[in-house]
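What follows is a short report on a single structure.
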Amino acid sequence: MVLGGDDGDPPPRTGPEATASAPAPRTPSLSATPSEPPAVVEDQLNGITFPLLDGWVRPQHVAQDDVVMTTEGTYDCPGEGTVCRHGLVVSRTVTGSDETSPRLLAEEDIPEAADAAFHEDTLGQRPYGGIESHRVVGSGPVAVAGRAGYFVRWRVTTAEGPGGYVQSLVFPSGVGTGSPVLVRYVFDAGEDGPPPADMDRITRGIRSLGGAGSGGVGSSIGPAD
């Protein structure tokens, strides 16, 4: 998608006060150098920012809409197509539905997210040879930017390549019409793919633009299924 000290007063004198002595020069205390602010990427439409973890970059030359970050570099897809990426994150506003429940929206989106990522792309190609099976590896309520959301995560087995992980995360928007925000995570499962724990790290690092509503970001608010 800080993600100095002050000089202290001199210590009190405990010995007898000296007479007719020149004041000793005061040695300035060293204050910590402020660290660089964490790198983030903004989704201004939905009023949130995402942390850019090590190995992640802002999208470049990406044909897919609404991508907010990708892993560095590309590789030859194991199936059809030209190039694939080991990981990407998509952020969009939920449209075309009157449903507002984060759980129902996430459960409804996850099959579509998996198909779009690992089955067939918008050009009708199958970069991973298609999906052979999937299993749920995580789901449950989660707080995102101080708002109650819900996520569902699948482990996908593909005909070619190592398969991968896909996650749908939905939470209420704090801006605009208030339509829910949908975040999709797509990770390769191979040794060069990002660890699934990065999904949790990115979720924990989502913030409202301007820093408002950051309390409890990414913290669990209930047991996972």
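In the structure tokens, the first chain shown is A, the next is B, and so on; residue numbers restart at 1 for each chain, and ligands run from 1 in the order shown.
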- Within 8 Å of Thr71 in chain A, counting only C-alpha atoms, which residues show up once you throw out same-chain ones fewer than 5 positions away? Write them as a ChimeraX atom specification, please. /A:55-57,85-88,194
Residues of the last selection are to be written out with N, CA and C atoms, as an mmCIF file, in the first residue's frame.
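Written file, part10.cif:
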data_model
loop_
_atom_site.group_PDB
_atom_site.id
_atom_site.type_symbol
_atom_site.label_atom_id
_atom_site.label_comp_id
_atom_site.auth_asym_id
_atom_site.auth_seq_id
_atom_site.Cartn_x
_atom_site.Cartn_y
_atom_site.Cartn_z
ATOM 1 N N GLY A 55 10.236 -5.587 -1.652
ATOM 2 C CA GLY A 55 9.939 -6.441 -2.793
ATOM 3 C C GLY A 55 8.698 -6.038 -3.561
ATOM 4 N N TRP A 56 7.985 -5.036 -3.066
ATOM 5 C CA TRP A 56 6.771 -4.558 -3.726
ATOM 6 C C TRP A 56 6.997 -3.161 -4.297
ATOM 7 N N VAL A 57 6.350 -2.879 -5.433
ATOM 8 C CA VAL A 57 6.526 -1.594 -6.112
ATOM 9 C C VAL A 57 5.174 -1.095 -6.616
ATOM 10 N N ARG A 85 3.330 -12.049 -12.999
ATOM 11 C CA ARG A 85 3.948 -11.450 -11.814
ATOM 12 C C ARG A 85 3.708 -12.349 -10.617
ATOM 13 N N HIS A 86 4.653 -12.329 -9.678
ATOM 14 C CA HIS A 86 4.545 -13.206 -8.517
ATOM 15 C C HIS A 86 3.495 -12.728 -7.518
ATOM 16 N N GLY A 87 3.134 -11.455 -7.592
ATOM 17 C CA GLY A 87 2.133 -10.957 -6.661
ATOM 18 C C GLY A 87 1.569 -9.625 -7.110
ATOM 19 N N LEU A 88 0.313 -9.402 -6.823
ATOM 20 C CA LEU A 88 -0.298 -8.099 -7.082
ATOM 21 C C LEU A 88 -1.463 -7.891 -6.122
ATOM 22 N N PRO A 194 5.662 -14.092 -3.011
ATOM 23 C CA PRO A 194 5.678 -13.490 -1.672
ATOM 24 C C PRO A 194 5.024 -14.427 -0.671
#
Contacts of Gly96 in chain A at 12 Å (only C-alpha atoms; same-chain gap of 2+ positions) as a JSON list (two decimals) with C-alpha atoms, in the first residue's frame:
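Saved to selection-v1.json:
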[["chain", "number", "residue", "atom", "x", "y", "z"],
["A", 93, "THR", "CA", -15.12, 0.07, -5.06],
["A", 94, "VAL", "CA", -17.94, -2.48, -4.97],
["A", 98, "ASP", "CA", -26.99, -3.31, -3.04],
["A", 99, "GLU", "CA", -25.33, -5.75, -0.63],
["A", 100, "THR", "CA", -23.28, -4.08, 2.11],
["A", 105, "LEU", "CA", -19.43, -9.62, -0.51],
["A", 179, "SER", "CA", -19.79, 1.92, -0.98],
["A", 180, "PRO", "CA", -17.69, -0.99, 0.33]]
- Task: Could you please write out, as an MDAnalysis selection string, every residue of range 52-168 of chain A that DSSP assigns to strand (DSSP E)?
- Result: chainID A and resid 56:57 67:71 75:76 83:84 87:93 131:144 147:158 164:168
- Task: For Thr158 in chain A, please output as a list in words all residues within 12 Å (counting only C-alpha atoms; exclusion window: fewer than 2 positions along the same chain).
- Result: Pro78, Gly79, Ala114, Asp115, Ala117, Phe118, His119, Glu120, Arg126, Pro127, Tyr128, Gly129, Gly130, Ile131, Glu132, Ser133, His134, Arg155, Val156, Glu160, Gly161, Pro162, Gly163, Gly164, Tyr165, Asp188, Ala189 and Gly190 of chain A
- Item | Picked from range 15-188 of chain A by DSSP as helix (DSSP H, G or I), as a list in words | Pro102, Arg103, Leu104, Leu105, Ala106, Glu107, Glu108, Asp109, Ile110, Pro111, Glu112, Ala113, Ala114, Asp115, Ala116, Ala117, Phe118 and His119 of chain A
For those residues, write C-alpha atoms to a file as a compact mmCIF listing (two decimals), in the first residue's frame.
# COMPACT_ATOMS: atom_id res chain seq x y z
CA PRO A 102 -18.43 -7.41 4.05
CA ARG A 103 -18.73 -11.15 4.70
CA LEU A 104 -21.29 -11.81 1.97
CA LEU A 105 -19.43 -9.62 -0.51
CA ALA A 106 -16.09 -11.32 0.19
CA GLU A 107 -17.60 -14.80 -0.08
CA GLU A 108 -19.29 -13.80 -3.32
CA ASP A 109 -16.14 -12.29 -4.82
CA ILE A 110 -13.55 -14.97 -4.02
CA PRO A 111 -14.52 -17.40 -6.85
CA GLU A 112 -14.43 -14.56 -9.37
CA ALA A 113 -11.10 -13.32 -8.00
CA ALA A 114 -9.59 -16.82 -8.27
CA ASP A 115 -10.83 -17.29 -11.84
CA ALA A 116 -9.51 -13.90 -12.93
CA ALA A 117 -6.10 -14.54 -11.35
CA PHE A 118 -5.42 -18.21 -12.05
CA HIS A 119 -7.97 -19.56 -14.53
- Closest to Thr122 in chain A among A:Ala63, A:Val40, A:Val68, A:Val90, using only C-alpha atoms? A:Ala63
